[in-house]
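The structure appears below as structure tokens.
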Amino acid sequence: MDSTQLLKGVLDTAVLAALDRRSTYGYDLVRQLRAAGFEGVGDASVYGTLRRLFNGGYLTSEIVPSEEGPARKYYGINGAGTDMLQTSRKTWDEFTSVMNSLLDGGEEE
Amino acid sequence: MSTATSLKKDEFLDQVAAGLNDLSEEDRDEVLEDLRAHLAEMDEDEIETNLGTPESFVSEFRASAGLDTREPRRQRGRLARLRKQLEAVDRRLAEATQWHTIRPIWVWIRGWLLVSAVAVLTQPVPFERFPLPSINGQWIGPLFMIVAATWFSLWLDRSEMNGARLVSLVFSTATALFILGSMLVGTTLTRPGYSVAVDYPSHFDALTGPDGEPIYNIYPFDLEGNPVEVLLFDQDGRPVQSMSSWVYDEANFGNDPAYYADGLVSFRRDANGWLITNLYPLETFDVSGRPLSSPGLALPQLEDGATSNANALEDDDSLEGDLASNPNAPN
């Protein structure tokens with residue numbers, strides 16, 4: 001199983017989950033995801049996902065001026081995003097429980 | 001310490017922008033803003049390790065953003081290069097002036113620039129009430145034009161007609177430069193424009209002969225052929241003035257001798273210092289200051305001395321009467 005391929009499938013959910021914890025800007029979000037264990041996640045993928053989720057109406061954005069450089073755009077999650085996250089969490093739970101039972105069943109035999 | 005901007009980072013942004021040229025200007029700007037902030041967090045040499053090449057960044061981004069992964073049709077030729085350069089300049093300006101934060105106002109400024117350019121180019125008085133441009137003395141019309149231009153500009157932003165966007169980009173850049181340039185040079189944008197016709201009259205002849213030839217000086221002689229000085233008056237008692245009025249004005253201001261068409265002239269003055277304009281002959285000089293002498297004169301051959309001439313005068317009754325009644329006639 002290629003973890004990169006897996007990640008691509010669930011990056012939306014990962015991003016929503018991270019933003020649900022706290023709003024942040026792109027660079028920091030990439031760092032968070034990598035720190036959480038997704039070392040292979042590409043910056044471009046995160047930004048692309050952010051754009052798609054934002055255009056889909058699941059995120060908020062706020063420009064916060066910074067002293068160290070250009071103003072940063074902080075992304076956050078809104079109501080629609082939280083609903084989507086809930087649905088995704090359910091889907092994930094169902095999916096992984098199916099997978100887990102399949103895998104555990106295989107090991108038993 | 002990482003620098004916010006650098007040449008390599010700008011180049012990276014330019015190349016990414018090229019790969020996103022199918023997006024609307026607004027969308028693309030948003031992506032680039034995020035990317036610029038992202039680049040600001042790293043050093044120049046980290047760009048390749050963190051982000052890869054611009055091409056790989058673009059394709060990964062497009063895939064995760066749900067954009068068409070087909071390569072956007074690359075436009076070749078001078079037009080494409082020009083457009084890329086213009087957009088790069090536009091981005092530099094935007095970053096330098098933080099236009100993205102005043103983007104809504106920028107669209108209005110563009111509309112104002114467009115209408116003002118029309119006014120500056122076609123109207124003698126472009127701004128009767130700065131900053132409102134006026135056309136034919138009206139500022140209401142141009143104001144509506146500004147609103148229309150702004151809406152048109154917004155409409156262009158949303159469309160993907162790259163050709164038209166290029167035209168509007170070129171035009172607004174050129175217009176901005178033009179207006180900035182003329183303000184720096186200090187042209188009369190706000191003062192009413194009028195052209196002064198500097199046409200110094202050189203032959204505004206006060207006294208002319210029968211064929212229109214100018215008469216500047218009069219050389220009186222008595223009947224014996226002796227030059228005399230006389231004061232001349234016309235039929236209404238006015239002093240006969242042979243020079244243009246501006247010659248007397250100049251002499252009055254203290255320029256003595258004063259310039260006239262053929263050189264310089266000096267007037268005698270009365271006890272109060274006023275010019276005596278009708279005392280002939282006038283003292284005239286050429287432009288280098290040499291006195292002009294009376295021209296060769298053809299005095300009439302008198303038949304038998306003064307007597308015959310005096311008889312001729314007596315026959316003319318009207319002339320005699322005039323001479324007798326003129327109080328100013330020399331005695």
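Please note that chains go A, B, ... in the order of the structure tokens, that every chain numbers its residues from 1, and that ligands are numbered from 1 in the order shown.
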
Shell of 6 Å around stretch 239-256 of chain B, only C-alpha atoms, local chain residues under 5 positions omitted, as a count of residues only: 10

Long-range neighbours of A:Asn78 as a list in words, 10 Å cut-off, only C-alpha atoms, 4 positions minimum in chain: Leu16, Leu19, Asp20, Phe54, Gly57, Tyr58, Leu59, Thr60, Ser61, Thr82, Asp83 and Met84 of chain A

Keeping only N, CA, C and O atoms, write those residues as a CSV table (one decimal), in the first residue's frame.
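Result written to again-v7.csv:
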```csv
chain,number,residue,atom,x,y,z
A,16,LEU,N,-9.0,19.4,7.1
A,16,LEU,CA,-10.2,19.9,7.8
A,16,LEU,C,-10.0,19.6,9.3
A,16,LEU,O,-10.3,20.5,10.2
A,19,LEU,N,-7.4,22.1,10.8
A,19,LEU,CA,-8.0,23.4,10.9
A,19,LEU,C,-9.1,23.5,12.0
A,19,LEU,O,-9.3,24.5,12.6
A,20,ASP,N,-9.7,22.3,12.2
A,20,ASP,CA,-10.7,22.3,13.2
A,20,ASP,C,-10.1,22.5,14.6
A,20,ASP,O,-10.7,23.1,15.5
A,54,PHE,N,-11.6,25.9,0.1
A,54,PHE,CA,-12.1,27.2,0.3
A,54,PHE,C,-13.1,27.6,-0.8
A,54,PHE,O,-14.2,28.1,-0.5
A,57,GLY,N,-16.4,26.3,-0.2
A,57,GLY,CA,-17.2,26.9,0.9
A,57,GLY,C,-17.1,26.3,2.2
A,57,GLY,O,-17.9,26.5,3.1
A,58,TYR,N,-16.0,25.5,2.4
A,58,TYR,CA,-15.8,24.8,3.7
A,58,TYR,C,-14.9,25.6,4.7
A,58,TYR,O,-14.8,25.2,5.8
A,59,LEU,N,-14.2,26.6,4.2
A,59,LEU,CA,-13.2,27.3,5.0
A,59,LEU,C,-13.5,28.8,5.0
A,59,LEU,O,-14.1,29.3,4.1
A,60,THR,N,-12.9,29.3,6.1
A,60,THR,CA,-12.9,30.8,6.2
A,60,THR,C,-11.4,31.2,5.9
A,60,THR,O,-10.5,30.4,6.1
A,61,SER,N,-11.3,32.5,5.6
A,61,SER,CA,-9.9,33.0,5.5
A,61,SER,C,-9.8,34.4,6.0
A,61,SER,O,-10.8,35.2,5.9
A,82,THR,N,-17.3,22.0,9.2
A,82,THR,CA,-17.4,21.1,10.3
A,82,THR,C,-18.4,19.9,10.0
A,82,THR,O,-18.1,18.8,10.3
A,83,ASP,N,-19.4,20.2,9.2
A,83,ASP,CA,-20.3,19.2,8.8
A,83,ASP,C,-19.6,18.2,7.9
A,83,ASP,O,-19.8,16.9,8.1
A,84,MET,N,-18.9,18.7,7.0
A,84,MET,CA,-18.1,17.8,6.1
A,84,MET,C,-17.1,17.0,6.9
A,84,MET,O,-17.0,15.8,6.6
```

Proximal residues of chain A relative to chain B (only C-alpha atoms; 12 Å) as a compact mmCIF listing (two decimals) with N, CA, C and O atoms, in the first residue's frame:
```
# COMPACT_ATOMS: atom_id res chain seq x y z
N LEU A 7 -2.73 9.01 1.24
CA LEU A 7 -2.80 10.38 1.74
C LEU A 7 -3.62 11.25 0.78
O LEU A 7 -4.44 12.05 1.21
N LYS A 8 -3.38 11.02 -0.51
CA LYS A 8 -4.10 11.84 -1.47
C LYS A 8 -5.59 11.69 -1.29
O LYS A 8 -6.35 12.63 -1.44
N GLY A 9 -6.00 10.52 -0.94
CA GLY A 9 -7.43 10.27 -0.77
C GLY A 9 -8.02 10.95 0.45
O GLY A 9 -9.19 11.28 0.47
N VAL A 10 -7.20 11.14 1.46
CA VAL A 10 -7.76 11.64 2.72
C VAL A 10 -7.21 13.01 3.11
O VAL A 10 -7.47 13.47 4.23
N LEU A 11 -6.47 13.62 2.22
CA LEU A 11 -5.85 14.90 2.57
C LEU A 11 -6.92 15.93 2.95
O LEU A 11 -6.73 16.72 3.87
N ASP A 12 -8.03 15.91 2.22
CA ASP A 12 -9.11 16.84 2.56
C ASP A 12 -9.47 16.73 4.03
O ASP A 12 -9.55 17.73 4.75
N TYR A 25 -2.07 29.28 8.95
CA TYR A 25 -1.69 29.62 7.58
C TYR A 25 -0.97 28.44 6.94
O TYR A 25 -0.56 27.49 7.60
N GLY A 26 -0.83 28.54 5.60
CA GLY A 26 -0.37 27.41 4.80
C GLY A 26 0.90 26.75 5.29
O GLY A 26 0.96 25.52 5.47
N TYR A 27 1.91 27.59 5.49
CA TYR A 27 3.22 27.05 5.87
C TYR A 27 3.14 26.25 7.16
O TYR A 27 3.72 25.17 7.29
N ASP A 28 2.39 26.83 8.10
CA ASP A 28 2.27 26.16 9.41
C ASP A 28 1.47 24.87 9.29
O ASP A 28 1.77 23.87 9.96
N LEU A 29 0.46 24.86 8.41
CA LEU A 29 -0.37 23.67 8.23
C LEU A 29 0.46 22.52 7.67
O LEU A 29 0.35 21.37 8.14
N VAL A 30 1.32 22.84 6.70
CA VAL A 30 2.21 21.81 6.15
C VAL A 30 3.08 21.23 7.26
O VAL A 30 3.25 20.01 7.39
N ARG A 31 3.61 22.15 8.07
CA ARG A 31 4.48 21.71 9.17
C ARG A 31 3.72 20.80 10.13
O ARG A 31 4.23 19.78 10.58
N GLU A 39 5.03 12.65 6.56
CA GLU A 39 6.25 13.31 6.12
C GLU A 39 6.25 13.61 4.63
O GLU A 39 6.90 14.52 4.18
N GLY A 40 5.55 12.78 3.86
CA GLY A 40 5.64 12.92 2.41
C GLY A 40 4.72 13.98 1.82
O GLY A 40 4.70 14.18 0.61
N VAL A 41 3.92 14.64 2.66
CA VAL A 41 2.94 15.57 2.08
C VAL A 41 3.64 16.76 1.42
O VAL A 41 4.57 17.34 1.98
N GLY A 42 3.23 17.05 0.19
CA GLY A 42 3.86 18.14 -0.55
C GLY A 42 3.17 19.46 -0.27
O GLY A 42 1.96 19.51 -0.06
N ASP A 43 3.96 20.53 -0.27
CA ASP A 43 3.38 21.86 -0.05
C ASP A 43 2.31 22.15 -1.08
O ASP A 43 1.24 22.70 -0.76
N ALA A 44 2.63 21.79 -2.35
CA ALA A 44 1.68 22.09 -3.43
C ALA A 44 0.35 21.40 -3.19
O ALA A 44 -0.71 21.99 -3.42
N SER A 45 0.42 20.15 -2.68
CA SER A 45 -0.82 19.42 -2.43
C SER A 45 -1.65 20.11 -1.37
O SER A 45 -2.87 20.21 -1.48
N VAL A 46 -0.98 20.57 -0.30
CA VAL A 46 -1.71 21.24 0.77
C VAL A 46 -2.38 22.51 0.25
O VAL A 46 -3.55 22.77 0.51
N TYR A 47 -1.62 23.30 -0.51
CA TYR A 47 -2.19 24.55 -1.02
C TYR A 47 -3.33 24.29 -2.00
O TYR A 47 -4.33 25.00 -2.00
N GLY A 48 -3.13 23.26 -2.83
CA GLY A 48 -4.20 22.92 -3.76
C GLY A 48 -5.46 22.50 -3.02
O GLY A 48 -6.58 22.91 -3.39
N THR A 49 -5.25 21.71 -1.97
CA THR A 49 -6.40 21.27 -1.18
C THR A 49 -7.07 22.46 -0.50
O THR A 49 -8.31 22.56 -0.47
N LEU A 50 -6.25 23.34 0.06
CA LEU A 50 -6.82 24.53 0.72
C LEU A 50 -7.67 25.32 -0.27
O LEU A 50 -8.78 25.75 0.05
N ARG A 51 -7.13 25.48 -1.49
CA ARG A 51 -7.87 26.26 -2.48
C ARG A 51 -9.21 25.59 -2.81
O ARG A 51 -10.25 26.23 -2.86
N ARG A 52 -9.14 24.30 -2.99
CA ARG A 52 -10.36 23.59 -3.37
C ARG A 52 -11.39 23.62 -2.26
O ARG A 52 -12.58 23.84 -2.49
N LEU A 53 -10.95 23.41 -1.04
CA LEU A 53 -11.87 23.43 0.09
C LEU A 53 -12.46 24.82 0.29
O LEU A 53 -13.65 24.98 0.58
N PHE A 54 -11.60 25.86 0.11
CA PHE A 54 -12.07 27.23 0.30
C PHE A 54 -13.10 27.57 -0.76
O PHE A 54 -14.17 28.13 -0.46
N ASN A 55 -12.79 27.24 -2.02
CA ASN A 55 -13.73 27.54 -3.10
C ASN A 55 -15.01 26.74 -2.95
O ASN A 55 -16.06 27.14 -3.44
N GLY A 56 -14.90 25.60 -2.27
CA GLY A 56 -16.10 24.79 -2.05
C GLY A 56 -16.94 25.31 -0.91
O GLY A 56 -18.07 24.84 -0.70
N SER A 61 -11.26 32.50 5.59
CA SER A 61 -9.89 33.01 5.48
C SER A 61 -9.82 34.41 6.03
O SER A 61 -10.79 35.18 5.93
N GLU A 62 -8.68 34.73 6.60
CA GLU A 62 -8.52 36.04 7.20
C GLU A 62 -7.07 36.46 7.04
O GLU A 62 -6.16 35.69 7.34
N ILE A 63 -6.87 37.63 6.53
CA ILE A 63 -5.51 38.11 6.34
C ILE A 63 -5.04 38.79 7.61
O ILE A 63 -5.68 39.73 8.10
N VAL A 64 -3.94 38.30 8.11
CA VAL A 64 -3.38 38.86 9.34
C VAL A 64 -2.00 39.44 9.03
O VAL A 64 -1.13 38.72 8.55
N PRO A 65 -1.82 40.72 9.28
CA PRO A 65 -0.51 41.30 8.96
C PRO A 65 0.56 40.71 9.87
O PRO A 65 0.29 40.35 11.02
N SER A 66 1.76 40.61 9.30
CA SER A 66 2.87 40.03 10.06
C SER A 66 4.03 40.99 10.05
O SER A 66 4.27 41.67 9.06
N GLU A 67 4.76 41.03 11.15
CA GLU A 67 5.91 41.95 11.20
C GLU A 67 7.10 41.40 10.44
O GLU A 67 7.96 42.15 10.02
N GLU A 68 7.13 40.06 10.31
CA GLU A 68 8.35 39.46 9.75
C GLU A 68 8.33 39.46 8.23
O GLU A 68 9.33 39.16 7.62
N GLY A 69 7.20 39.72 7.64
CA GLY A 69 7.17 39.64 6.18
C GLY A 69 5.79 39.98 5.66
O GLY A 69 5.06 40.75 6.28
N PRO A 70 5.43 39.39 4.52
CA PRO A 70 4.11 39.69 3.96
C PRO A 70 3.00 39.17 4.87
O PRO A 70 3.23 38.25 5.67
N ALA A 71 1.84 39.76 4.74
CA ALA A 71 0.70 39.35 5.56
C ALA A 71 0.37 37.89 5.29
O ALA A 71 0.53 37.41 4.17
N ARG A 72 -0.08 37.20 6.32
CA ARG A 72 -0.39 35.78 6.18
C ARG A 72 -1.89 35.60 6.10
O ARG A 72 -2.65 36.28 6.79
N LYS A 73 -2.29 34.65 5.29
CA LYS A 73 -3.71 34.34 5.18
C LYS A 73 -3.99 33.14 6.09
O LYS A 73 -3.50 32.04 5.85
N TYR A 74 -4.77 33.38 7.13
CA TYR A 74 -5.12 32.31 8.07
C TYR A 74 -6.40 31.63 7.59
O TYR A 74 -7.41 32.29 7.35
N TYR A 75 -6.32 30.31 7.45
CA TYR A 75 -7.50 29.54 7.07
C TYR A 75 -8.13 28.93 8.32
O TYR A 75 -7.43 28.50 9.24
```

Test item, helix (DSSP H, G or I) assignment across chain A, answer as a ChimeraX atom specification: /A:3-21,26-36,43-55,79-108
